[in-house]
>>> print(open('coords_2.txt').read())   # compact mmCIF, C-alpha atoms
# COMPACT_ATOMS: atom_id res chain seq x y z
CA PHE G 1 -127.30 -116.41 -30.85
CA LYS G 2 -124.87 -113.52 -30.22
CA LYS G 3 -125.61 -110.07 -31.57
CA ASN G 4 -123.82 -106.81 -30.79
CA ASN G 5 -122.07 -108.31 -27.76
CA PHE G 6 -125.43 -109.48 -26.30
CA PHE G 7 -126.77 -113.01 -26.01
CA HIS G 8 -130.27 -113.12 -27.45
CA PHE G 9 -132.80 -115.82 -26.53
CA SER G 10 -136.36 -116.27 -27.76
CA CYS G 11 -139.07 -118.05 -25.77
CA ALA G 12 -142.78 -118.61 -26.19
CA SER G 13 -145.28 -116.44 -24.26
CA HIS G 14 -149.04 -116.09 -23.96
CA SER G 15 -148.93 -113.20 -26.41
CA SER G 16 -148.58 -113.63 -30.11
CA TYR G 17 -145.10 -112.24 -29.98
CA ASN G 18 -142.03 -113.86 -28.54
CA GLN G 19 -140.53 -112.25 -25.47
CA HIS G 20 -136.86 -111.41 -25.88
CA ILE G 21 -134.36 -111.75 -23.08
CA PHE G 22 -131.05 -110.00 -23.42
CA LEU G 23 -128.14 -110.97 -21.24
CA GLY G 24 -125.76 -107.99 -21.25
CA SER G 25 -122.04 -108.12 -21.63
CA ARG G 26 -121.63 -107.32 -17.93
CA VAL G 27 -123.23 -110.64 -16.99
CA PHE G 28 -120.91 -112.42 -19.37
CA GLU G 29 -117.88 -110.60 -17.94
CA ARG G 30 -118.82 -111.64 -14.41
CA ALA G 31 -119.02 -115.27 -15.45
CA ILE G 32 -115.57 -115.08 -17.05
CA ALA G 33 -114.13 -113.25 -14.03
CA ALA G 34 -115.50 -115.93 -11.71
CA SER G 35 -113.77 -118.68 -13.69
CA VAL G 36 -110.50 -116.69 -13.66
CA LEU G 37 -110.73 -116.26 -9.88
CA LEU G 38 -111.29 -119.99 -9.44
CA ALA G 39 -108.22 -120.72 -11.59
CA GLU G 40 -106.11 -118.28 -9.58
CA LYS G 41 -107.09 -119.89 -6.29
CA SER G 42 -105.83 -123.23 -7.57
CA THR G 43 -102.47 -121.73 -8.59
CA PRO G 44 -99.58 -121.86 -6.06
CA ALA G 45 -98.90 -118.47 -4.45
CA GLN G 46 -95.24 -118.44 -5.50
CA THR G 47 -96.15 -118.68 -9.20
CA ARG G 48 -99.20 -116.41 -9.14
CA PHE G 49 -97.56 -113.09 -10.02
CA ALA G 50 -100.61 -111.28 -11.36
CA SER G 51 -104.28 -111.86 -12.01
CA ASN G 52 -105.82 -111.95 -15.47
CA ARG G 53 -107.81 -109.09 -16.87
CA VAL G 54 -111.08 -109.41 -18.81
CA HIS G 55 -112.09 -107.13 -21.65
CA ALA G 56 -115.69 -106.18 -22.35
CA ASN G 57 -115.84 -108.69 -25.18
CA GLY G 58 -115.04 -111.53 -22.77
CA ASP G 59 -111.45 -112.12 -23.87
CA SER G 60 -109.05 -112.96 -21.02
CA ILE G 61 -105.67 -111.21 -21.25
CA ALA G 62 -102.87 -112.65 -19.10
CA LYS G 63 -100.56 -110.11 -17.46
CA PRO G 64 -96.95 -111.19 -18.12
CA ALA G 65 -94.90 -112.38 -15.15
CA PRO G 66 -91.65 -110.54 -14.37
CA GLN G 67 -88.36 -112.00 -15.56
CA ILE G 68 -86.46 -114.06 -12.99
CA LEU G 69 -82.86 -113.09 -13.56
CA HIS G 70 -80.53 -116.09 -13.20
CA ALA G 71 -76.80 -115.55 -13.72
CA PRO G 72 -75.39 -115.02 -16.29
CA ARG G 73 -78.51 -113.94 -18.20
CA ILE G 74 -79.40 -110.25 -18.36
CA PRO G 75 -82.37 -108.34 -19.92
CA ALA G 76 -81.73 -107.21 -23.47
CA SER G 77 -82.94 -103.61 -23.13
CA ALA G 78 -84.09 -100.82 -20.83
CA ASP G 79 -87.67 -101.61 -21.81
CA GLU G 80 -87.30 -105.13 -20.45
CA TRP G 81 -85.93 -103.77 -17.17
CA ALA G 82 -88.90 -101.39 -16.87
CA ALA G 83 -91.38 -104.20 -17.60
CA GLY G 84 -90.20 -105.95 -14.43
CA VAL G 85 -87.14 -107.97 -13.44
CA VAL G 86 -86.54 -110.10 -10.34
CA MET G 87 -82.82 -110.33 -9.55
CA LEU G 88 -81.28 -113.17 -7.55
CA ILE G 89 -78.30 -111.67 -5.71
CA ASP G 90 -75.64 -113.42 -3.63
CA LYS G 91 -75.25 -110.74 -0.95
CA PRO G 92 -71.68 -110.32 0.29
CA GLN G 93 -70.83 -110.07 3.99
CA ASP G 94 -70.89 -106.59 5.59
CA TRP G 95 -73.34 -105.25 3.00
CA THR G 96 -76.82 -104.28 4.18
CA SER G 97 -79.81 -105.19 2.03
CA PHE G 98 -80.29 -101.45 1.51
CA ASP G 99 -76.69 -101.18 0.26
CA VAL G 100 -77.43 -103.79 -2.43
CA CYS G 101 -80.57 -101.97 -3.59
CA GLY G 102 -78.73 -98.65 -3.63
CA LYS G 103 -75.91 -100.09 -5.71
CA LEU G 104 -78.31 -101.55 -8.28
CA ARG G 105 -80.50 -98.45 -8.36
CA GLY G 106 -77.46 -96.28 -9.06
CA THR G 107 -76.19 -98.66 -11.74
CA LEU G 108 -79.57 -98.79 -13.51
CA LYS G 109 -80.25 -95.04 -13.25
CA PRO G 110 -78.40 -94.00 -16.46
CA MET G 111 -80.28 -96.60 -18.49
CA CYS G 112 -83.72 -96.61 -16.82
CA GLY G 113 -84.08 -93.12 -15.37
CA ARG G 114 -83.86 -91.39 -12.01
CA LYS G 115 -87.22 -92.64 -10.71
CA PHE G 116 -86.62 -96.31 -11.53
CA LYS G 117 -87.84 -98.45 -8.61
CA VAL G 118 -85.70 -101.11 -6.90
CA GLY G 119 -86.62 -102.98 -3.70
CA HIS G 120 -85.65 -106.17 -1.87
CA ALA G 121 -87.96 -108.99 -0.74
CA GLY G 122 -86.61 -109.79 2.71
CA THR G 123 -83.74 -108.34 4.73
CA LEU G 124 -80.45 -110.10 5.37
CA ASP G 125 -78.31 -108.89 8.30
CA PRO G 126 -74.90 -107.39 7.39
CA LEU G 127 -73.19 -110.45 8.91
CA ALA G 128 -75.13 -112.80 6.63
CA THR G 129 -74.38 -113.78 3.04
CA GLY G 130 -76.51 -115.54 0.46
CA LEU G 131 -79.68 -115.12 -1.51
CA LEU G 132 -81.30 -111.70 -1.58
CA ILE G 133 -84.17 -111.23 -4.03
CA VAL G 134 -84.28 -107.73 -5.50
CA CYS G 135 -87.23 -106.58 -7.63
CA ALA G 136 -86.92 -103.83 -10.25
CA GLY G 137 -89.37 -101.85 -12.34
CA LYS G 138 -92.93 -103.14 -12.29
CA ALA G 139 -91.75 -106.27 -10.48
CA THR G 140 -91.53 -104.23 -7.25
CA LYS G 141 -95.26 -104.89 -6.95
CA GLN G 142 -94.39 -108.57 -6.39
CA VAL G 143 -92.07 -108.04 -3.38
CA ASP G 144 -94.57 -109.52 -0.91
CA THR G 145 -94.96 -112.65 -3.05
CA PHE G 146 -91.28 -113.50 -2.57
CA ALA G 147 -91.11 -112.25 1.02
CA ASN G 148 -93.81 -114.74 2.03
CA MET G 149 -91.90 -117.76 0.69
CA ASP G 150 -90.15 -120.26 2.97
CA LYS G 151 -86.39 -119.92 3.46
CA VAL G 152 -83.42 -122.25 3.99
CA TYR G 153 -80.32 -121.16 5.91
CA THR G 154 -76.99 -122.70 6.81
CA GLY G 155 -74.51 -121.35 9.31
CA THR G 156 -72.47 -121.74 12.47
CA LEU G 157 -73.22 -120.91 16.11
CA ARG G 158 -70.87 -120.83 19.08
CA LEU G 159 -71.82 -122.41 22.37
CA GLY G 160 -70.78 -120.95 25.71
CA GLN G 161 -70.71 -117.27 24.73
CA GLY G 162 -73.61 -114.84 24.61
CA THR G 163 -73.89 -111.40 23.01
CA ALA G 164 -76.52 -108.63 23.10
CA THR G 165 -77.20 -108.95 19.36
CA TYR G 166 -77.23 -112.79 19.42
CA ASP G 167 -74.45 -112.74 16.81
CA SER G 168 -70.77 -111.78 16.51
CA GLU G 169 -71.60 -108.16 15.60
CA SER G 170 -71.33 -107.25 19.30
CA THR G 171 -68.92 -108.19 22.08
CA VAL G 172 -69.29 -111.23 24.31
CA GLU G 173 -71.20 -110.28 27.46
CA GLU G 174 -71.75 -113.68 29.07
CA GLU G 175 -69.89 -116.98 29.24
CA LEU G 176 -71.20 -120.29 30.57
CA PRO G 177 -69.89 -123.90 30.50
CA TRP G 178 -70.64 -125.91 27.37
CA GLU G 179 -67.97 -128.66 27.45
CA HIS G 180 -70.35 -131.23 28.99
CA LEU G 181 -72.69 -131.14 25.96
CA SER G 182 -72.69 -134.11 23.59
CA ASP G 183 -73.72 -134.13 19.93
CA GLN G 184 -76.85 -136.02 20.97
CA ASN G 185 -77.73 -133.31 23.51
CA ILE G 186 -77.43 -130.66 20.79
CA THR G 187 -79.43 -132.66 18.23
CA GLU G 188 -82.28 -133.36 20.66
CA ALA G 189 -82.44 -129.73 21.75
CA ALA G 190 -82.52 -128.54 18.12
CA HIS G 191 -85.33 -130.96 17.26
CA SER G 192 -87.43 -129.51 20.09
CA PHE G 193 -87.82 -126.36 17.96
CA LEU G 194 -89.37 -128.18 15.00
CA GLY G 195 -92.95 -127.36 14.08
CA ASP G 196 -95.01 -124.30 14.97
CA ILE G 197 -93.30 -122.27 17.71
CA MET G 198 -93.55 -118.87 19.35
CA GLN G 199 -90.35 -116.89 18.93
CA VAL G 200 -89.19 -113.62 20.52
CA PRO G 201 -87.20 -111.54 17.98
CA PRO G 202 -83.88 -109.99 19.05
CA ILE G 203 -84.05 -106.46 20.40
CA TYR G 204 -81.36 -105.56 17.87
CA SER G 205 -83.70 -105.90 14.89
CA ALA G 206 -85.55 -103.67 12.44
CA ILE G 207 -88.97 -104.55 13.86
CA LYS G 208 -90.82 -101.36 14.74
CA VAL G 209 -92.39 -100.67 18.12
CA GLY G 210 -94.15 -97.34 18.53
CA GLY G 211 -93.08 -96.36 15.03
CA GLU G 212 -89.36 -96.84 15.74
CA ALA G 213 -86.99 -99.72 14.97
CA LEU G 214 -86.11 -101.83 18.01
CA TYR G 215 -82.37 -101.54 17.44
CA LYS G 216 -82.54 -97.76 17.89
CA LYS G 217 -84.22 -98.20 21.27
CA ALA G 218 -81.65 -100.84 22.22
CA ARG G 219 -78.75 -98.50 21.40
CA ARG G 220 -80.20 -95.95 23.81
CA GLY G 221 -80.41 -98.61 26.50
CA GLU G 222 -84.20 -98.62 26.63
CA THR G 223 -86.05 -101.65 27.99
CA VAL G 224 -88.76 -102.75 25.57
CA GLU G 225 -91.29 -105.55 25.86
CA ILE G 226 -91.06 -107.60 22.67
CA LYS G 227 -94.04 -109.72 21.74
CA SER G 228 -93.42 -113.29 20.62
CA ARG G 229 -94.42 -114.23 17.08
CA ALA G 230 -95.67 -117.45 15.54
CA VAL G 231 -93.20 -119.06 13.12
CA SER G 232 -92.65 -122.57 11.81
CA VAL G 233 -89.41 -124.55 11.56
CA THR G 234 -89.45 -127.63 9.32
CA GLU G 235 -85.74 -128.50 9.62
CA PHE G 236 -83.10 -127.78 12.26
CA SER G 237 -80.15 -130.14 11.80
CA THR G 238 -76.82 -129.75 13.61
CA SER G 239 -73.30 -131.21 13.43
CA ARG G 240 -69.80 -130.64 14.80
CA GLU G 241 -66.50 -131.44 13.14
CA ASP G 242 -65.00 -132.06 16.57
CA ALA G 243 -66.92 -133.14 19.67
CA ALA G 244 -64.60 -130.94 21.73
CA SER G 245 -65.46 -127.83 19.71
CA PRO G 246 -67.97 -125.14 20.75
CA LEU G 247 -68.73 -124.47 17.06
CA VAL G 248 -71.96 -126.06 15.78
CA LYS G 249 -72.88 -126.09 12.10
CA PHE G 250 -76.59 -126.08 11.29
CA ARG G 251 -79.20 -126.08 8.55
CA VAL G 252 -82.62 -124.50 9.09
CA ALA G 253 -85.73 -124.49 6.90
CA CYS G 254 -88.38 -122.08 8.14
CA THR G 255 -91.21 -119.71 7.35
CA LYS G 256 -91.19 -115.96 6.87
CA GLY G 257 -90.30 -113.96 9.98
CA THR G 258 -88.07 -116.55 11.63
CA TYR G 259 -84.96 -115.02 13.23
CA ILE G 260 -82.03 -117.43 13.05
CA ARG G 261 -80.20 -115.33 15.65
CA SER G 262 -83.06 -115.94 18.09
CA LEU G 263 -83.01 -119.64 17.21
CA ALA G 264 -79.29 -119.80 18.11
CA PHE G 265 -79.93 -117.92 21.37
CA ASP G 266 -82.88 -120.15 22.28
CA LEU G 267 -80.89 -123.31 21.51
CA GLY G 268 -78.16 -122.20 23.91
CA LYS G 269 -80.75 -121.51 26.59
CA LYS G 270 -82.38 -124.91 26.00
CA LEU G 271 -78.97 -126.56 26.54
CA GLY G 272 -78.40 -124.71 29.81
CA THR G 273 -75.70 -122.45 28.38
CA VAL G 274 -75.55 -119.47 26.01
CA ALA G 275 -74.88 -119.26 22.27
CA HIS G 276 -74.55 -116.77 19.46
CA LEU G 277 -74.43 -116.81 15.68
CA THR G 278 -71.02 -116.56 14.01
CA GLU G 279 -71.93 -117.30 10.36
CA LEU G 280 -75.18 -117.26 8.38
CA ARG G 281 -75.96 -117.90 4.73
CA ARG G 282 -79.37 -117.93 3.03
CA GLU G 283 -79.39 -120.83 0.60
CA SER G 284 -82.84 -120.48 -0.93
CA ILE G 285 -86.14 -118.61 -0.98
CA GLY G 286 -89.00 -120.78 -2.19
CA GLU G 287 -87.77 -122.53 -5.34
CA HIS G 288 -85.04 -119.92 -5.95
CA SER G 289 -81.48 -120.95 -5.06
CA VAL G 290 -78.36 -118.93 -4.33
CA GLN G 291 -76.62 -121.23 -6.82
CA ASP G 292 -78.41 -119.28 -9.59
CA ALA G 293 -77.60 -115.85 -8.15
CA TRP G 294 -75.50 -113.00 -9.46
CA GLY G 295 -72.63 -111.46 -7.51
CA ILE G 296 -73.49 -107.81 -6.93
CA GLN G 297 -70.29 -106.50 -8.54
CA GLU G 298 -70.58 -108.84 -11.53
CA LEU G 299 -74.19 -107.84 -12.17
CA SER G 300 -73.41 -104.14 -11.86
CA GLU G 301 -70.58 -104.48 -14.37
CA ALA G 302 -72.81 -106.43 -16.78
CA ILE G 303 -75.48 -103.69 -16.59
CA ARG G 304 -72.90 -100.96 -17.27
CA SER G 305 -71.58 -102.91 -20.26
CA GLN G 306 -75.10 -103.32 -21.58
CA PHE G 307 -75.76 -99.58 -21.27
CA LYS G 308 -72.56 -98.76 -23.14
CA SER G 309 -73.52 -101.17 -25.92
CA GLU G 310 -76.98 -99.56 -26.25
CA GLN G 311 -75.41 -96.10 -26.43
CA ALA G 312 -72.97 -97.25 -29.10
CA ALA G 313 -75.79 -98.81 -31.13
CA GLN G 314 -77.88 -95.64 -30.95
CA SER G 315 -74.96 -93.44 -32.04
CA THR G 316 -74.60 -95.43 -35.26
CA ILE G 317 -78.25 -94.94 -36.24
>>> encode(input="coords_2.txt", output="structure tokens")
Amino acid sequence: FKKNNFFHFSCASHSSYNQHIFLGSRVFERAIAASVLLAEKSTPAQTRFASNRVHANGDSIAKPAPQILHAPRIPASADEWAAGVVMLIDKPQDWTSFDVCGKLRGTLKPMCGRKFKVGHAGTLDPLATGLLIVCAGKATKQVDTFANMDKVYTGTLRLGQGTATYDSESTVEEELPWEHLSDQNITEAAHSFLGDIMQVPPIYSAIKVGGEALYKKARRGETVEIKSRAVSVTEFSTSREDAASPLVKFRVACTKGTYIRSLAFDLGKKLGTVAHLTELRRESIGEHSVQDAWGIQELSEAIRSQFKSEQAAQSTI
């Protein structure tokens, strides 16, 4: 029987009195914690936002998951923002991921305070558009959860022209023949990158070597040895609207850390020519789609409207 948070058992002994064994609440807590850990291990990583906590009395209290903000829904109050919100943003071209976070941080500041935290879960290059996941409030602790999810991209690459950045952000430095390539040649070359591969990131990237981003070293003309990294590509499909066109549309599904610019560069090399990225759009991260995302300007305006409504409501009290 249970008494004062202890489990009390009686058993016979050689003496005339029963021996009493008390199992303390700590033992009980450990048993509960073990079952919680087992349950967490069986939960998919993308849905496991936080572990459960166990009180001394053995009750398991689930920590609430952050809100996933699909357009056009918006949190009802500043308290809900602070509790944790995950925003799906359709990043516009020429914006950096930092620009998006700065815009949202500034918009939320009047309602949530100067120290309100905002951070993204995976960079998109300025050239790229599409899904950027931005975490706010207590949800910033979940950034790595989203960053580790698989991604899907669509875009366009151009055969026959190579650039230092592997995209159209820099000028063409090299030109090689491409006209002899058939759609079948391109498809077969793309399929050779499926599965687990070793990929060398572009030197114009934010990866740090010696405590400094590679792109800063590249701008100074420094030669840097870049280590290849293990990534996985589960889809790399290609098509052309015209067989006489150097423009190749593609769709790529891949793991965290895959550089689509490097994939375009490597495809050109595989085909005996050069290539660079001209368009890129991130369609999804895990189960989250850009179709459910907010435009950055629309979300900012909705937040400002919400703040004005809260101020008006408070002034009438």
>>> residues_around(input="coords_2.txt", residues="range 209-222 of chain G", least_positions_apart="5", cutoff="12 Å", atoms="all atoms listed in the file", output="ChimeraX atom specification")
/G:164-165,170,201-204,227
>>> atom_distance(input="coords_2.txt", atom1="CA of Thr129 in chain G", atom2="CA of Thr163 in chain G")
20.1 Å
>>> closest_residue(input="coords_2.txt", among="G:Gln297, G:Ser305, G:Gln67, G:Ser289", to="Lys103 in chain G", atoms="all atoms listed in the file")
G:Gln297
>>> atom_distance(input="coords_2.txt", atom1="CA of Cys101 in chain G", atom2="CA of Val134 in chain G")
7.1 Å
>>> atom_distance(input="coords_2.txt", atom1="CA of Leu131 in chain G", atom2="CA of Met149 in chain G")
12.7 Å
>>> closest_residue(input="coords_2.txt", among="G:Glu179, G:Ser97, G:Thr107, G:Ala136", to="Ala83 in chain G", atoms="only C-alpha atoms")
G:Ala136
